[in-house]
Each structure stands twice: as C-alpha cells, then as structure tokens.
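*Asks:* I'm passing along work-v5.txt; it holds compact mmCIF, C-alpha atoms.
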# COMPACT_ATOMS: atom_id res chain seq x y z
CA MET N 279 -6.17 28.36 16.20
CA GLY N 280 -4.41 30.36 13.46
CA LYS N 281 -4.34 29.73 9.74
CA LYS N 282 -0.74 28.56 9.77
CA THR N 283 -1.55 25.95 12.39
CA CYS N 284 -4.42 24.71 10.23
CA TRP N 285 -2.10 24.43 7.22
CA ALA N 286 0.43 22.53 9.29
CA LEU N 287 -2.21 20.13 10.63
CA ILE N 288 -3.59 19.42 7.15
CA ILE N 289 -0.16 18.80 5.60
CA ALA N 290 0.78 16.62 8.59
CA SER N 291 -2.43 14.62 8.19
CA ILE N 292 -1.59 13.91 4.53
CA ILE N 293 1.85 12.64 5.55
CA VAL N 294 0.34 10.47 8.29
CA ASN N 295 -2.32 9.07 5.96
CA VAL N 296 0.18 8.20 3.20
CA ILE N 297 2.27 6.29 5.76
CA MET N 298 -0.83 4.63 7.27
CA LEU N 299 -2.05 3.49 3.85
CA GLN N 300 1.35 1.97 3.10
CA TRP N 301 1.46 0.23 6.49
CA THR N 302 -2.16 -0.93 6.14
CA VAL N 303 -1.42 -2.63 2.81
CA GLU N 304 1.67 -4.29 4.30
CA ALA N 305 -0.27 -5.41 7.39
CA PHE N 306 -3.10 -6.76 5.24
CA LEU N 307 -0.74 -8.76 3.03
CA GLY N 308 1.09 -10.02 6.11
CA ARG N 309 -2.25 -10.96 7.78
CA GLU N 310 -1.45 -8.73 10.78
CA TYR N 311 -5.08 -7.90 11.36
CA GLU N 312 -4.72 -6.40 14.86
CA VAL N 313 -2.28 -3.71 13.77
CA LEU N 314 -4.25 -3.22 10.57
CA PHE N 315 -7.25 -2.01 12.58
CA THR N 316 -4.97 0.26 14.62
CA TYR N 317 -3.56 1.86 11.46
CA ASN N 318 -7.10 2.22 10.17
CA LEU N 319 -8.19 4.07 13.32
CA ILE N 320 -5.15 6.37 13.23
CA SER N 321 -5.87 7.15 9.59
CA LEU N 322 -9.52 8.01 10.24
CA LEU N 323 -8.56 10.11 13.25
CA SER N 324 -5.99 11.96 11.17
CA ALA N 325 -8.57 12.68 8.45
CA SER N 326 -11.00 13.97 11.10
CA ILE N 327 -8.33 16.34 12.41
CA ALA N 328 -7.68 17.54 8.83
CA LEU N 329 -11.41 18.23 8.35
CA PHE N 330 -11.62 20.04 11.67
CA ALA N 331 -8.55 22.12 10.76
CA TYR N 332 -10.08 22.95 7.39
CA PHE N 333 -13.32 24.20 8.90
CA GLN N 334 -11.33 26.24 11.40
CA TRP N 335 -9.21 27.70 8.57
CA ARG N 336 -12.34 28.52 6.57
CA LYS N 337 -13.85 30.33 9.52
CA VAL N 338 -10.78 32.54 9.84
CA GLU N 339 -10.18 32.94 6.09
CA TYR N 340 -13.68 34.07 5.17
CA LYS N 341 -14.34 36.14 8.27
CA LYS N 342 -15.40 39.64 7.33
CA LYS N 343 -13.05 42.29 8.51
CA SER N 344 -14.83 44.81 10.66
CA MET O 169 -9.51 53.78 -32.04
CA ASN O 170 -10.88 50.53 -33.47
CA ASP O 171 -14.46 49.24 -33.08
CA LYS O 172 -13.67 46.60 -30.54
CA LYS O 173 -14.53 47.69 -27.10
CA LYS O 174 -11.57 47.58 -24.81
CA LEU O 175 -12.28 45.37 -21.82
CA ALA O 176 -11.26 46.29 -18.34
CA ARG O 177 -8.09 44.81 -16.92
CA ASN O 178 -9.86 42.34 -14.61
CA GLN O 179 -12.15 40.87 -17.30
CA LYS O 180 -11.58 37.69 -19.28
CA ASP O 181 -9.99 38.07 -22.74
CA THR O 182 -9.01 41.61 -22.03
CA ASN O 183 -6.44 43.23 -24.26
CA ASP O 184 -5.19 45.47 -21.56
CA ASP O 185 -1.48 46.09 -21.94
CA MET O 186 -0.72 45.37 -18.32
CA ILE O 187 -2.40 41.97 -18.44
CA ASN O 188 -1.02 40.39 -21.62
CA LEU O 189 2.60 40.82 -20.74
CA VAL O 190 3.20 37.10 -20.37
CA ASP O 191 1.68 34.48 -22.67
CA ASN O 192 1.85 31.57 -20.29
CA LEU O 193 -0.56 33.05 -17.78
CA ASN O 194 -4.22 32.18 -17.94
CA ARG O 195 -6.65 34.07 -15.78
CA ASP O 196 -9.04 31.09 -15.49
CA GLU O 197 -6.28 28.84 -14.22
CA ASP O 198 -5.08 31.54 -11.93
CA LEU O 199 -8.51 31.51 -10.31
CA LYS O 200 -8.73 27.71 -10.28
CA TYR O 201 -5.29 26.89 -8.86
CA ASN O 202 -4.87 29.21 -5.99
CA ARG O 203 -4.01 28.95 -2.32
CA ARG O 204 -7.56 28.25 -1.18
CA SER O 205 -8.13 25.57 -3.81
CA PHE O 206 -4.85 23.95 -2.91
CA LEU O 207 -5.85 23.68 0.73
CA LYS O 208 -9.25 22.21 -0.16
CA THR O 209 -7.56 19.65 -2.42
CA ALA O 210 -5.12 18.81 0.36
CA VAL O 211 -7.97 18.12 2.77
CA GLY O 212 -9.73 16.00 0.12
CA THR O 213 -6.52 14.05 -0.45
CA SER O 214 -6.13 13.36 3.24
CA VAL O 215 -9.73 12.15 3.55
CA ALA O 216 -9.44 10.02 0.38
CA LEU O 217 -6.26 8.35 1.66
CA SER O 218 -8.00 7.65 4.94
CA VAL O 219 -11.07 6.16 3.26
CA ALA O 220 -8.78 3.98 1.11
CA THR O 221 -7.69 2.07 4.23
CA ILE O 222 -11.26 0.99 5.09
CA PRO O 223 -11.70 -1.78 2.44
CA PHE O 224 -8.64 -3.58 3.82
CA SER O 225 -10.18 -3.68 7.29
CA VAL O 226 -13.54 -4.82 5.93
CA LYS O 227 -11.90 -7.57 3.88
CA ALA O 228 -9.81 -8.60 6.87
CA MET O 229 -12.95 -8.89 9.03
CA LEU O 230 -14.75 -10.95 6.39
CA GLY O 231 -11.89 -13.23 5.41
CA MET O 232 -10.09 -14.26 8.58
CA GLU O 233 -8.55 -17.71 8.16
CA THR O 234 -9.03 -20.01 11.12
CA ASP O 235 -8.39 -23.68 10.35
CA TYR O 236 -6.42 -25.49 7.67
CA ASN O 237 -6.91 -28.91 6.13
CA ARG O 238 -4.31 -31.64 6.13
CA VAL O 239 -3.25 -32.06 2.52
CA GLU O 240 -0.87 -34.64 1.06
CA ILE O 241 1.97 -33.05 -0.88
CA ALA O 242 4.25 -35.87 -2.04
CA LYS O 243 6.07 -39.02 -1.05
CA LEU O 244 9.36 -38.29 0.62
CA GLU O 245 11.19 -40.79 -1.58
CA ASP O 246 10.14 -38.82 -4.66
CA ILE O 247 11.99 -35.71 -3.48
CA PRO O 248 15.75 -36.27 -3.33
CA GLU O 249 17.94 -33.75 -1.53
CA GLY O 250 18.35 -30.58 -3.57
CA ASP O 251 15.01 -31.08 -5.27
CA SER O 252 11.63 -29.43 -4.87
CA VAL O 253 7.98 -29.97 -5.80
CA VAL O 254 5.24 -27.45 -6.35
CA PHE O 255 1.73 -27.77 -4.97
CA ASN O 256 -1.17 -25.55 -3.94
CA TYR O 257 -2.03 -24.77 -0.33
CA PRO O 258 -4.40 -23.99 1.33
CA ASN O 259 -6.42 -23.28 -1.84
CA ASP O 260 -5.88 -23.88 -5.52
CA ASN O 261 -5.09 -20.18 -5.87
CA ASP O 262 -2.13 -20.34 -3.48
CA PRO O 263 0.94 -21.84 -5.19
CA ALA O 264 3.48 -23.37 -2.85
CA ILE O 265 6.83 -25.12 -2.98
CA LEU O 266 8.16 -28.00 -0.89
CA ILE O 267 11.94 -28.09 -0.76
CA HIS O 268 14.24 -30.89 0.31
CA THR O 269 17.32 -28.80 0.87
CA VAL O 270 20.87 -29.90 0.15
CA ASN O 271 21.33 -30.13 3.94
CA GLY O 272 18.47 -32.64 4.19
CA ASP O 273 15.82 -30.32 5.70
CA LEU O 274 12.22 -30.18 4.53
CA LYS O 275 10.80 -26.69 4.10
CA ALA O 276 7.60 -25.46 2.49
CA TYR O 277 6.51 -21.93 1.61
CA ASN O 278 3.91 -20.25 -0.51
CA SER O 279 5.85 -19.57 -3.65
CA ALA O 280 4.37 -16.24 -4.73
CA CYS O 281 7.11 -13.65 -4.23
CA THR O 282 6.05 -11.03 -1.68
CA HIS O 283 7.19 -8.30 -4.05
CA LEU O 284 5.04 -8.75 -7.16
CA MET O 285 3.77 -12.35 -6.85
CA CYS O 286 6.13 -14.02 -9.35
CA PRO O 287 6.80 -17.69 -8.49
CA VAL O 288 10.01 -18.39 -6.61
CA PHE O 289 12.30 -21.33 -7.37
CA TYR O 290 14.77 -23.33 -5.34
CA GLU O 291 18.32 -22.63 -6.47
CA LYS O 292 20.20 -25.59 -5.05
CA THR O 293 23.69 -24.42 -6.04
CA GLN O 294 23.33 -21.39 -3.73
CA ASP O 295 20.75 -23.02 -1.40
CA VAL O 296 18.37 -20.06 -1.73
CA LEU O 297 14.91 -19.34 -3.08
CA LEU O 298 15.11 -17.12 -6.11
CA CYS O 299 12.47 -14.89 -7.67
CA PRO O 300 13.77 -14.44 -11.23
CA CYS O 301 11.49 -11.52 -12.12
CA HIS O 302 13.39 -8.88 -10.13
CA LYS O 303 16.17 -10.94 -8.56
CA GLY O 304 14.67 -11.35 -5.13
CA TYR O 305 16.41 -13.86 -2.87
CA PHE O 306 14.91 -15.61 0.16
CA ASP O 307 16.62 -17.64 2.84
CA VAL O 308 15.51 -21.23 2.37
CA SER O 309 15.79 -22.00 6.10
CA ASN O 310 13.26 -19.38 7.25
CA GLY O 311 11.75 -17.74 4.15
CA GLN O 312 13.07 -14.27 5.05
CA PRO O 313 14.15 -11.97 2.20
CA ILE O 314 17.93 -11.77 1.83
CA SER O 315 18.30 -9.31 -1.01
CA GLY O 316 16.37 -7.68 -3.83
CA PRO O 317 13.03 -5.87 -3.74
CA PRO O 318 10.95 -8.18 -1.45
CA GLN O 319 10.35 -6.74 2.02
CA ARG O 320 8.26 -9.50 3.62
CA GLU O 321 9.00 -13.15 4.23
CA LEU O 322 7.31 -15.95 2.31
CA PRO O 323 4.36 -17.49 4.20
CA LEU O 324 5.57 -20.65 5.93
CA ILE O 325 3.62 -23.85 5.37
CA GLU O 326 3.71 -26.21 8.32
CA ILE O 327 4.45 -29.76 7.26
CA GLU O 328 4.29 -33.21 8.79
CA VAL O 329 5.92 -36.41 7.61
CA ASP O 330 3.78 -39.47 8.23
CA ASN O 331 4.71 -42.94 6.91
CA GLY O 332 7.00 -41.45 4.29
CA ILE O 333 4.36 -39.03 3.03
CA VAL O 334 4.71 -35.26 3.45
CA TYR O 335 1.55 -33.41 4.48
CA ALA O 336 0.78 -29.68 4.67
CA VAL O 337 -1.09 -28.94 7.90
CA GLY O 338 -1.04 -25.18 8.40
CA ARG O 339 0.29 -21.82 7.37
CA GLN O 340 2.04 -18.98 9.18
CA TYR O 341 2.45 -15.36 8.16
CA ARG O 342 5.03 -13.08 9.78
CA HIS O 343 6.91 -16.05 11.22
CA GLY O 344 10.40 -15.88 12.64
Could you write out this file's structure as structure tokens?

*Replies:*
Amino acid sequence: MGKKTCWALIIASIIVNVIMLQWTVEAFLGREYEVLFTYNLISLLSASIALFAYFQWRKVEYKKKS
Amino acid sequence: MNDKKKLARNQKDTNDDMINLVDNLNRDEDLKYNRRSFLKTAVGTSVALSVATIPFSVKAMLGMETDYNRVEIAKLEDIPEGDSVVFNYPNDNDPAILIHTVNGDLKAYNSACTHLMCPVFYEKTQDVLLCPCHKGYFDVSNGQPISGPPQRELPLIEIEVDNGIVYAVGRQYRHG
C-alpha cells in the first residue's frame, strides 16, 4: 500500500468519523439505540483503519533507502 | 568582522543572509508543523472522534427506558379548545405540554425544542407549536418540525382520557 493510499484512507476516516459522531448524537437524542450502536461500530472500525494506514505509512516513510 | 560568531544556515537564530529573507518564517514552527506532523494529527483526530462516540453508547446501555407510569395531567373541562397546560412527564426534568387544539383534538408532547431545548408554546391563531428562541415551528398534529432550525420531532406523549381526566401513559420518540 502506497503513501498516497494511506493519506486517502486517513482523510476518509476523518470524514466518516465526523459524520458518525453527528449521527450518533442525533440517534442518542432520538433514542434510536439500535442504529446508535451501528454508528459506533462503524466509527471504531474507521479509526482502526486510520491507525492501520498510519502504521503502514510510517513503515514506508521511514524506510531507509538502500 | 564582528565578535559574534556567525552560525551556520541550518542552526537556530542564525543570521545567515539566505535564511532571514522573510520575517514571518520561524524555523521551530517549520519543524513542528510539517507534513509528517499533520498526518499524525489527522490520525489522532480520527481516533478522538471515534472515541467520542463511545460515551453515548454506554449511556444508552445504562439508561434504556422501559415502562412509564400513568400520570394525571388535568381535567378535560379545565382545558377549553385553543388552550394548553404544561406538566412534567415522565420525570420532573422533562417539561411537557398538553394541547386542546382549535379543532378539538388532544395532543401532548415534551415541550423542550429539539434544537436547543427552549420551551415551545401553542400558538392557537396559527395552530402550531412555536419555539420563540430561534423561531422553530412544529406541526401540532404530529409534532414534526415545519420550519426553523429544529431537525427532529418533539417526543410524543401518549394520553388517555378517563372519566373526564387526561392521563399521560407513555412516550414515543421518532414517531410518525
């Protein structure tokens, strides 16, 4: 996975998490607890992907050139 | 040549001619706010946003409402058509409004506006519920927002009329 892909994944995960936080608050206030847990799972999954992408980017970025 | 030792171009506080061309550049900040730092901050932001959703789920798991009490609101004869009374349901912290509409219907909703929690009032001349804080309007027949900032409907309070007395018996979110 290239560095540009990692950047794209991380930026995409921020967008997804902003939307999920907004929807989570709305679902909580509307007592829609089932969808609230779904949004929560999507958000955590998105953050995991961002972390994975970051570690992948770091591996490529700091690799010593031979 | 003066006594001050001239620092190399890549050292802090250098007086090198090729470095101090622009006053608004700071070498420290240049090192702090770079591409790598930006990416790390972006990842941190994503994780922080994700973690921020967890308390809502925890609170939802702890505070699920199951049953409601039957609470007397008012005598029907005390509420003429076009009038309304305020009460609290299901708890003292939940303000609500019972409306006897100009058409003769009985409707009850929690009266905290779903925008910023200001109390809503029954405007009988227009037959709507009005939040005066930011001019939010709700349909009195179903509690749905008509115009203004509110995006969600008012929670509906289920009512029963028994021997001329109006009771609150339940509550619905996301109704209609």

*Asks:* Could you write out as a PDB file with C-alpha atoms, keeping the file's coordinate frame the residues of chain N within 6 Å of chain O, counting only C-alpha atoms?

*Replies:*
ATOM      1  CA  ILE N 292      -1.590  13.910   4.530  1.00  0.00           C
ATOM      2  CA  ASN N 295      -2.320   9.070   5.960  1.00  0.00           C
ATOM      3  CA  LEU N 299      -2.050   3.490   3.850  1.00  0.00           C
ATOM      4  CA  GLY N 308       1.090 -10.020   6.110  1.00  0.00           C
ATOM      5  CA  ASN N 318      -7.100   2.220  10.170  1.00  0.00           C
ATOM      6  CA  SER N 321      -5.870   7.150   9.590  1.00  0.00           C
ATOM      7  CA  LEU N 322      -9.520   8.010  10.240  1.00  0.00           C
ATOM      8  CA  ALA N 325      -8.570  12.680   8.450  1.00  0.00           C
TER       9      ALA N 325
END

*Asks:* Which residue gives the smallest distance to Ile293 in chain N among N:Leu307, N:Leu314, N:Val338, N:Ala328, with all atoms listed in the file counted?

*Replies:* N:Ala328

*Asks:* Choose the residue, out of N:Thr316, N:Gln334, N:Thr283, N:Ser326, that has the smallest atom-to-atom separation from Met298 in chain N; count all atoms listed in the file.

*Replies:*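 Between N:Thr316, N:Gln334, N:Thr283, N:Ser326, the residue approaching Met298 in chain N most closely is N:Thr316.
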
*Asks:* Give me the residues near Lys275 in chain O as a list in words, where near means some atom within 8 Å (using only C-alpha atoms) and where sequence neighbours in that chain fewer than 3 positions away do not count.

*Replies:* Leu266, Ile267, His268, Thr269, Val308, Ser309, Ile325 and Ile327 of chain O

*Asks:* Please indicate the distance in Å from CA of Phe333 in chain N to CA of Asn194 in chain O, rounded to one decimal place.

*Replies:* 29.4 Å

*Asks:* Between CA of Pro287 in chain O and CA of Phe255 in chain O, measure the distance and give it in Å to one decimal.

*Replies:*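 Between these atoms lies a distance of 11.8 Å.
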
*Asks:* Taking into account all atoms listed in the file, which residue in the set N:Val313, N:Leu319, N:Ala331, N:Ala305 is nearest to Ala290 in chain N?

*Replies:* N:Ala331

*Asks:* Have a look at CA of Asn310 in chain O and CA of Gly231 in chain O and let me know their distance in Å, one decimal.

*Replies:*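 One can read the CA of Asn310 in chain O to CA of Gly231 in chain O distance as 26.0 Å.
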